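To start, the structure itself, in structure tokens.
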Amino acid sequence: MIGTGVFGLLGPNGAGKTTLLRMLATVIAPSSGSIRLLDRSPSDRGERREIRRRLGYLPQALGYYPNFTVAEFVEYFALLKEIPPAEVSRSVAVAIERVDLGDRARSKMRTLSGGMLRRAGIAQAIVNSPQLLLLDEPTAGLDPEQRVQLRALLREIGRDATVVVSTHLVEDVGAACDQVGLMFAGRTVFTGTPDELIGRGDPSAAGDAPLERGYSAVMAQARE
Amino acid sequence: MTGILRIEARRNALLLLLPVSALLLWFSINHQFGSLALWTARSAAVQSSLQGLAPFVVGAAAWTASRDERRQLSDLLASTPRDPWQRTMLTAASTCGWALAAYLAATAVVFSLTAANATWGHPAWWPVAAGAAAIVGGTAVGHAAGRLVPSRFTAPLAALAVYALMTGTMEAALHRAPLGMLSPIYDSTGLNASVFYRTTPDLAVLQICVYLGLAVIGIGLSARPRLQHLAERRGPVIVTAVGLGLTTVAVAVAATARVTDPTASLAWFGTSATDSPVAYRPACSDQTPVRVCVHPAYTDELATVSTVVNQIAAPLAGLPGTPTATVQVADATAPRIEPGDPALLTLPDLVIHGLDAPADDAAGFRTRLALALVSAPGTTPAGSTPAQRALALSLLLRAHTSAVDMLTSGAGVTQAADELASLEPRQLTAWLSTHLAALRAGSLPLTDVP
């Protein structure tokens, strides 16, 4: 059960973070068990559609149409998310501004740098003001300044919505997340606040920062 | 929906190919354009333009359809509420829209040029409609191919396959295989016959049924129906089945057809012979020894044809069996003398408008005309005697016109022709009045030719 706020998902490569996010994004169905999202069941076609209207998703490998402009790319997804036509223009403009791409709105996607593409991906994810925002490695490719801005944006969105962020960077978790979950081999091995994760660490654990030491300690325990 | 369609239309791959497509479109049309503004022929040229356009359209449709997988957008798109089938149909619709726009623009240009010069008739819309249906069908099939096999090689392979299919079926049609007539570039009406007869649009209707059937199949397959999701997604399966049914029925009907005339229509539905004739007032030349009359659609050819006929027939004027009038008939392939008193020269509908354009056609027509004037009805160049060929060749020499090789074969023919051509008109007339009947009957040996 994840409520409003920013939930950070940490774990080594292959732990199942991306698979979990794909399930939460209703892209794939769980092989066992069930999920409820926004008080609805994604296995029901009608309810799944309702969930998707309220969902924002940034996949790990963001694809894009190279000949679309940034504005068109975001507008395209706004329309796919069935935002009322009258609100599309404003929503697109707001989303692009929020990721600081206003001056590149008319640029073709193929001309953007890796960081800009990531921000365009975030813009499409937030264009419908989602109640559930799923971001897979959102800070990959962003420079330090942009990462700070993104964390602020996540905290802002997390005030009214559920934000799940998958990341390798524990400092992102420390700076932006209210809750953190650690995954290992397809299961959750820790859930708590960043402070609680710090508390699990001991001075002998690997890591340069308290949060890293907490992460290392939990992982070492999970591997035993 | 309109918003997505607007973006799709603005960023469609076919837009980038439109200049090349337009060029190929024009080449394809120009290839069959002809100098005579004949509505039926121009309409057929529009349909045949698919030879250049269709591979690009199908390739662009496959390319656009495969982009989501190629661009790794599947996950992102799958997380949106819009029905993927509906969304992909909007993509296909934008490709189809641009293709139809290009095709209709070409039609408008061709018809405008034709309207300015045509002397009879009106646009034949059935071939245009069949071409448009082929574009819709081709786009849907190309789109389905791109969806089902989303590889970067699908588009070029689909384009090549369509080109091969079109030319292959066209070749089959020329060999009178009924299914070949379903080729999108096969003239779907009896074009020249339909100048003279009120033909039924049977083949065009059949072609449209096949192409629309293919379009429905393509639409169904674009949803990528999977057996495990049948309970949720029966729609695409039903649509695919309907398309298959429509196409199968249309192909089966075409397969049972008996082809009697590759330039006209399916015998199964009725031929030009069973269609009712179109009433018309012929355009005729005045004050010429042989009064040449043509269908009003061929009015622009009248002066040329009249000059050619009268120049070649001049030495025979007034002699028994020499025609004093001509009439143009459908489905004929060469000039022919119909015996009677007076004899009548029938002119073909097909060859005639090549007179002032392709040199081979014009020379062929003149050669056949000269031979028809000096031989029995239905005599072919191969079946003519050396004496007949010599006289025919001499008529052409006197008219200062060239002949095709088929007249010059045989020992002594050219020499005899030169001798005949060098005779004084009076001498020639005297000789012809004595020997023409025997020569036409094929009983005069070459040695008796002066």
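Naming scheme: A, B, ... for chains in displayed order of the structure tokens; residues 1 onward per chain; ligands 1 onward as shown.
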Within 7 Å of chain B, which residues of chain A show up when using only C-alpha atoms, listed as an mmCIF file with all heavy atoms, in the first residue's frame?
data_model
loop_
_atom_site.group_PDB
_atom_site.id
_atom_site.type_symbol
_atom_site.label_atom_id
_atom_site.label_comp_id
_atom_site.auth_asym_id
_atom_site.auth_seq_id
_atom_site.Cartn_x
_atom_site.Cartn_y
_atom_site.Cartn_z
ATOM 1 N N ALA A 25 2.305 0.367 -14.253
ATOM 2 C CA ALA A 25 1.873 1.189 -15.400
ATOM 3 C C ALA A 25 0.851 0.456 -16.269
ATOM 4 O O ALA A 25 0.481 0.953 -17.330
ATOM 5 C CB ALA A 25 3.086 1.575 -16.234
ATOM 6 N N THR A 26 0.451 -0.710 -15.836
ATOM 7 C CA THR A 26 -0.541 -1.555 -16.538
ATOM 8 C C THR A 26 -0.054 -2.010 -17.914
ATOM 9 O O THR A 26 -0.841 -2.355 -18.780
ATOM 10 C CB THR A 26 -1.921 -0.869 -16.689
ATOM 11 O OG1 THR A 26 -1.811 0.195 -17.634
ATOM 12 C CG2 THR A 26 -2.473 -0.373 -15.381
ATOM 13 N N VAL A 27 1.258 -1.999 -18.095
ATOM 14 C CA VAL A 27 1.811 -2.466 -19.373
ATOM 15 C C VAL A 27 1.791 -3.990 -19.405
ATOM 16 O O VAL A 27 1.463 -4.607 -20.415
ATOM 17 C CB VAL A 27 3.252 -1.938 -19.568
ATOM 18 C CG1 VAL A 27 3.896 -2.536 -20.809
ATOM 19 C CG2 VAL A 27 3.240 -0.420 -19.655
ATOM 20 N N ARG A 49 -8.758 1.385 -17.898
ATOM 21 C CA ARG A 49 -8.778 2.619 -18.686
ATOM 22 C C ARG A 49 -8.830 3.844 -17.773
ATOM 23 O O ARG A 49 -8.162 4.857 -18.026
ATOM 24 C CB ARG A 49 -9.985 2.581 -19.628
ATOM 25 C CG ARG A 49 -9.964 3.683 -20.635
ATOM 26 C CD ARG A 49 -10.997 3.485 -21.703
ATOM 27 N NE ARG A 49 -10.991 4.603 -22.610
ATOM 28 C CZ ARG A 49 -11.807 4.737 -23.625
ATOM 29 N NH1 ARG A 49 -12.694 3.800 -23.882
ATOM 30 N NH2 ARG A 49 -11.746 5.796 -24.399
ATOM 31 N N ARG A 52 -5.436 4.400 -16.296
ATOM 32 C CA ARG A 52 -4.492 4.963 -17.274
ATOM 33 C C ARG A 52 -4.725 6.455 -17.500
ATOM 34 O O ARG A 52 -3.791 7.184 -17.827
ATOM 35 C CB ARG A 52 -4.604 4.203 -18.598
ATOM 36 C CG ARG A 52 -3.977 2.819 -18.524
ATOM 37 C CD ARG A 52 -4.208 2.012 -19.773
ATOM 38 N NE ARG A 52 -3.437 0.769 -19.745
ATOM 39 C CZ ARG A 52 -3.537 -0.194 -20.660
ATOM 40 N NH1 ARG A 52 -4.391 -0.061 -21.664
ATOM 41 N NH2 ARG A 52 -2.814 -1.289 -20.569
ATOM 42 N N ARG A 53 -5.973 6.883 -17.361
ATOM 43 C CA ARG A 53 -6.252 8.324 -17.502
ATOM 44 C C ARG A 53 -5.559 9.122 -16.408
ATOM 45 O O ARG A 53 -5.257 10.297 -16.588
ATOM 46 C CB ARG A 53 -7.760 8.568 -17.426
ATOM 47 C CG ARG A 53 -8.498 8.227 -18.685
ATOM 48 C CD ARG A 53 -9.832 8.972 -18.736
ATOM 49 N NE ARG A 53 -10.576 8.563 -19.901
ATOM 50 C CZ ARG A 53 -11.693 7.845 -19.879
ATOM 51 N NH1 ARG A 53 -12.225 7.490 -18.727
ATOM 52 N NH2 ARG A 53 -12.300 7.495 -20.992
ATOM 53 N N TYR A 57 3.715 7.951 -16.779
ATOM 54 C CA TYR A 57 4.740 6.895 -16.782
ATOM 55 C C TYR A 57 5.931 7.339 -17.627
ATOM 56 O O TYR A 57 5.769 7.794 -18.757
ATOM 57 C CB TYR A 57 4.121 5.609 -17.332
ATOM 58 C CG TYR A 57 5.079 4.443 -17.503
ATOM 59 C CD1 TYR A 57 5.990 4.093 -16.508
ATOM 60 C CD2 TYR A 57 5.041 3.667 -18.656
ATOM 61 C CE1 TYR A 57 6.851 3.010 -16.664
ATOM 62 C CE2 TYR A 57 5.896 2.577 -18.825
ATOM 63 C CZ TYR A 57 6.801 2.261 -17.819
ATOM 64 O OH TYR A 57 7.648 1.198 -17.975
ATOM 65 N N PRO A 59 9.183 5.436 -18.938
ATOM 66 C CA PRO A 59 9.927 4.178 -18.956
ATOM 67 C C PRO A 59 11.434 4.421 -18.867
ATOM 68 O O PRO A 59 11.910 5.522 -19.132
ATOM 69 C CB PRO A 59 9.573 3.554 -20.311
ATOM 70 C CG PRO A 59 8.613 4.465 -20.953
ATOM 71 C CD PRO A 59 8.606 5.762 -20.237
ATOM 72 N N LEU A 62 13.347 5.537 -22.820
ATOM 73 C CA LEU A 62 12.288 6.382 -23.379
ATOM 74 C C LEU A 62 12.396 6.420 -24.901
ATOM 75 O O LEU A 62 13.405 6.853 -25.445
ATOM 76 C CB LEU A 62 12.402 7.807 -22.829
ATOM 77 C CG LEU A 62 11.441 8.813 -23.477
ATOM 78 C CD1 LEU A 62 10.000 8.544 -23.052
ATOM 79 C CD2 LEU A 62 11.823 10.243 -23.136
ATOM 80 N N GLY A 63 11.358 5.952 -25.562
ATOM 81 C CA GLY A 63 11.312 6.086 -27.015
ATOM 82 C C GLY A 63 10.681 7.416 -27.377
ATOM 83 O O GLY A 63 10.012 8.043 -26.546
ATOM 84 N N TYR A 64 10.921 7.838 -28.564
ATOM 85 C CA TYR A 64 10.310 9.103 -29.010
ATOM 86 C C TYR A 64 10.247 9.115 -30.531
ATOM 87 O O TYR A 64 10.932 8.336 -31.203
ATOM 88 C CB TYR A 64 11.097 10.315 -28.498
ATOM 89 C CG TYR A 64 12.526 10.350 -28.963
ATOM 90 C CD1 TYR A 64 12.884 11.015 -30.136
ATOM 91 C CD2 TYR A 64 13.533 9.715 -28.250
ATOM 92 C CE1 TYR A 64 14.203 11.031 -30.576
ATOM 93 C CE2 TYR A 64 14.849 9.736 -28.684
ATOM 94 C CZ TYR A 64 15.173 10.389 -29.851
ATOM 95 O OH TYR A 64 16.469 10.403 -30.297
ATOM 96 N N TYR A 65 9.395 9.987 -31.056
ATOM 97 C CA TYR A 65 9.303 10.160 -32.502
ATOM 98 C C TYR A 65 10.249 11.301 -32.890
ATOM 99 O O TYR A 65 9.997 12.450 -32.524
ATOM 100 C CB TYR A 65 7.873 10.506 -32.916
ATOM 101 C CG TYR A 65 6.850 9.473 -32.493
ATOM 102 C CD1 TYR A 65 5.734 9.829 -31.745
ATOM 103 C CD2 TYR A 65 6.989 8.144 -32.867
ATOM 104 C CE1 TYR A 65 4.791 8.886 -31.373
ATOM 105 C CE2 TYR A 65 6.049 7.193 -32.488
ATOM 106 C CZ TYR A 65 4.955 7.573 -31.738
ATOM 107 O OH TYR A 65 4.034 6.638 -31.366
ATOM 108 N N ASN A 67 10.842 13.096 -35.436
ATOM 109 C CA ASN A 67 10.417 14.253 -36.236
ATOM 110 C C ASN A 67 9.285 15.043 -35.582
ATOM 111 O O ASN A 67 8.778 15.992 -36.159
ATOM 112 C CB ASN A 67 10.030 13.820 -37.659
ATOM 113 C CG ASN A 67 8.895 12.834 -37.674
ATOM 114 O OD1 ASN A 67 8.662 12.154 -36.682
ATOM 115 N ND2 ASN A 67 8.183 12.746 -38.773
ATOM 116 N N PHE A 68 8.883 14.644 -34.393
ATOM 117 C CA PHE A 68 7.904 15.438 -33.638
ATOM 118 C C PHE A 68 8.642 16.567 -32.915
ATOM 119 O O PHE A 68 9.789 16.379 -32.500
ATOM 120 C CB PHE A 68 7.216 14.575 -32.572
ATOM 121 C CG PHE A 68 6.072 13.730 -33.073
ATOM 122 C CD1 PHE A 68 6.079 13.170 -34.341
ATOM 123 C CD2 PHE A 68 4.971 13.475 -32.263
ATOM 124 C CE1 PHE A 68 5.041 12.376 -34.789
ATOM 125 C CE2 PHE A 68 3.926 12.689 -32.702
ATOM 126 C CZ PHE A 68 3.951 12.130 -33.963
ATOM 127 N N GLU A 72 4.626 18.826 -29.780
ATOM 128 C CA GLU A 72 3.791 17.799 -30.410
ATOM 129 C C GLU A 72 3.872 16.478 -29.658
ATOM 130 O O GLU A 72 2.868 15.777 -29.483
ATOM 131 C CB GLU A 72 4.230 17.588 -31.862
ATOM 132 C CG GLU A 72 3.762 18.685 -32.799
ATOM 133 C CD GLU A 72 4.399 18.582 -34.171
ATOM 134 O OE1 GLU A 72 5.424 17.885 -34.315
ATOM 135 O OE2 GLU A 72 3.887 19.229 -35.096
ATOM 136 N N TYR A 76 0.735 14.898 -28.081
ATOM 137 C CA TYR A 76 0.309 13.572 -28.554
ATOM 138 C C TYR A 76 -0.084 12.696 -27.364
ATOM 139 O O TYR A 76 -1.141 12.054 -27.364
ATOM 140 C CB TYR A 76 1.458 12.945 -29.339
ATOM 141 C CG TYR A 76 1.109 11.707 -30.121
ATOM 142 C CD1 TYR A 76 0.345 11.794 -31.279
ATOM 143 C CD2 TYR A 76 1.542 10.454 -29.717
ATOM 144 C CE1 TYR A 76 0.035 10.659 -32.014
ATOM 145 C CE2 TYR A 76 1.241 9.317 -30.443
ATOM 146 C CZ TYR A 76 0.486 9.417 -31.595
ATOM 147 O OH TYR A 76 0.177 8.297 -32.319
ATOM 148 N N LEU A 79 -3.249 13.839 -25.645
ATOM 149 C CA LEU A 79 -4.450 13.387 -26.352
ATOM 150 C C LEU A 79 -4.681 11.884 -26.119
ATOM 151 O O LEU A 79 -5.822 11.446 -25.973
ATOM 152 C CB LEU A 79 -4.314 13.675 -27.850
ATOM 153 C CG LEU A 79 -4.308 15.167 -28.209
ATOM 154 C CD1 LEU A 79 -3.775 15.388 -29.614
ATOM 155 C CD2 LEU A 79 -5.711 15.755 -28.070
ATOM 156 N N LEU A 80 -3.590 11.136 -26.069
ATOM 157 C CA LEU A 80 -3.743 9.693 -25.797
ATOM 158 C C LEU A 80 -4.248 9.448 -24.379
ATOM 159 O O LEU A 80 -4.895 8.447 -24.105
ATOM 160 C CB LEU A 80 -2.404 8.974 -25.993
ATOM 161 C CG LEU A 80 -1.884 8.848 -27.428
ATOM 162 C CD1 LEU A 80 -0.559 8.097 -27.461
ATOM 163 C CD2 LEU A 80 -2.893 8.129 -28.318
ATOM 164 N N LYS A 81 -3.931 10.385 -23.481
ATOM 165 C CA LYS A 81 -4.402 10.241 -22.102
ATOM 166 C C LYS A 81 -5.806 10.818 -21.930
ATOM 167 O O LYS A 81 -6.298 10.947 -20.807
ATOM 168 C CB LYS A 81 -3.415 10.921 -21.147
ATOM 169 C CG LYS A 81 -2.087 10.166 -21.058
ATOM 170 C CD LYS A 81 -1.088 10.881 -20.183
ATOM 171 C CE LYS A 81 0.229 10.107 -20.162
ATOM 172 N NZ LYS A 81 1.226 10.684 -19.262
ATOM 173 N N GLU A 82 -6.388 11.175 -23.048
ATOM 174 C CA GLU A 82 -7.785 11.616 -23.113
ATOM 175 C C GLU A 82 -8.057 12.845 -22.253
ATOM 176 O O GLU A 82 -9.084 12.953 -21.583
ATOM 177 C CB GLU A 82 -8.714 10.451 -22.753
ATOM 178 C CG GLU A 82 -8.548 9.284 -23.731
ATOM 179 C CD GLU A 82 -9.449 8.094 -23.444
ATOM 180 O OE1 GLU A 82 -9.885 7.955 -22.293
ATOM 181 O OE2 GLU A 82 -9.706 7.320 -24.375
#
Name the residues of segment 9-152 of chain A that fall into strand (DSSP E or B) according to DSSP on the backbone, using the chain letters and numbers of this document, as a PyMOL selection string.
-> chain A and resi 9-10+37+40+55-58+69+108+132-136
Taking the backbone alone, and naming residues the way the document does, which bits of chain A are alpha helix (DSSP H) by DSSP, as a ChimeraX atom specification?
-> /A:17-24,45-53,70-80,85-98,114-126,144-158,170-176,194-199,210-223
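Of the residues under consideration (A:Ser43, A:Leu117, A:Phe7, A:Val74), A:Ser43 shows the shortest atom-to-atom contact distance to Met23 of chain A when counting only C-alpha atoms.
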If we count only C-alpha atoms, what is near Arg54 of chain A at a cut-off of 10 Å, once residues fewer than 2 positions away on the same chain are taken out, given as a PyMOL selection string?
-> (chain A and resi 37-38+49-52+56+81-83+126+128-133+161) or (chain B and resi 80-81)
If you keep C-alpha atoms, can you produce a file of those selected residues as a compact mmCIF listing (two decimals), in the first residue's frame?
# COMPACT_ATOMS: atom_id res chain seq x y z
CA LEU A 37 -4.16 1.04 -8.37
CA LEU A 38 -6.04 4.19 -7.41
CA ARG A 49 -8.78 2.62 -18.69
CA GLU A 50 -9.72 4.83 -15.74
CA ILE A 51 -6.36 4.11 -14.10
CA ARG A 52 -4.49 4.96 -17.27
CA GLY A 56 1.92 9.16 -15.73
CA LYS A 81 -4.40 10.24 -22.10
CA GLU A 82 -7.79 11.62 -23.11
CA ILE A 83 -7.34 15.06 -21.62
CA ILE A 126 3.00 14.79 -15.95
CA ASN A 128 -2.31 14.90 -17.35
CA SER A 129 -1.56 15.90 -13.73
CA PRO A 130 -1.41 12.22 -12.81
CA GLN A 131 -2.56 10.82 -9.49
CA LEU A 132 -0.02 8.04 -9.93
CA LEU A 133 3.30 9.01 -11.43
CA ALA A 161 -0.24 12.40 -5.91
CA THR B 80 -2.27 5.26 -22.13
CA PRO B 81 -6.04 4.78 -22.09
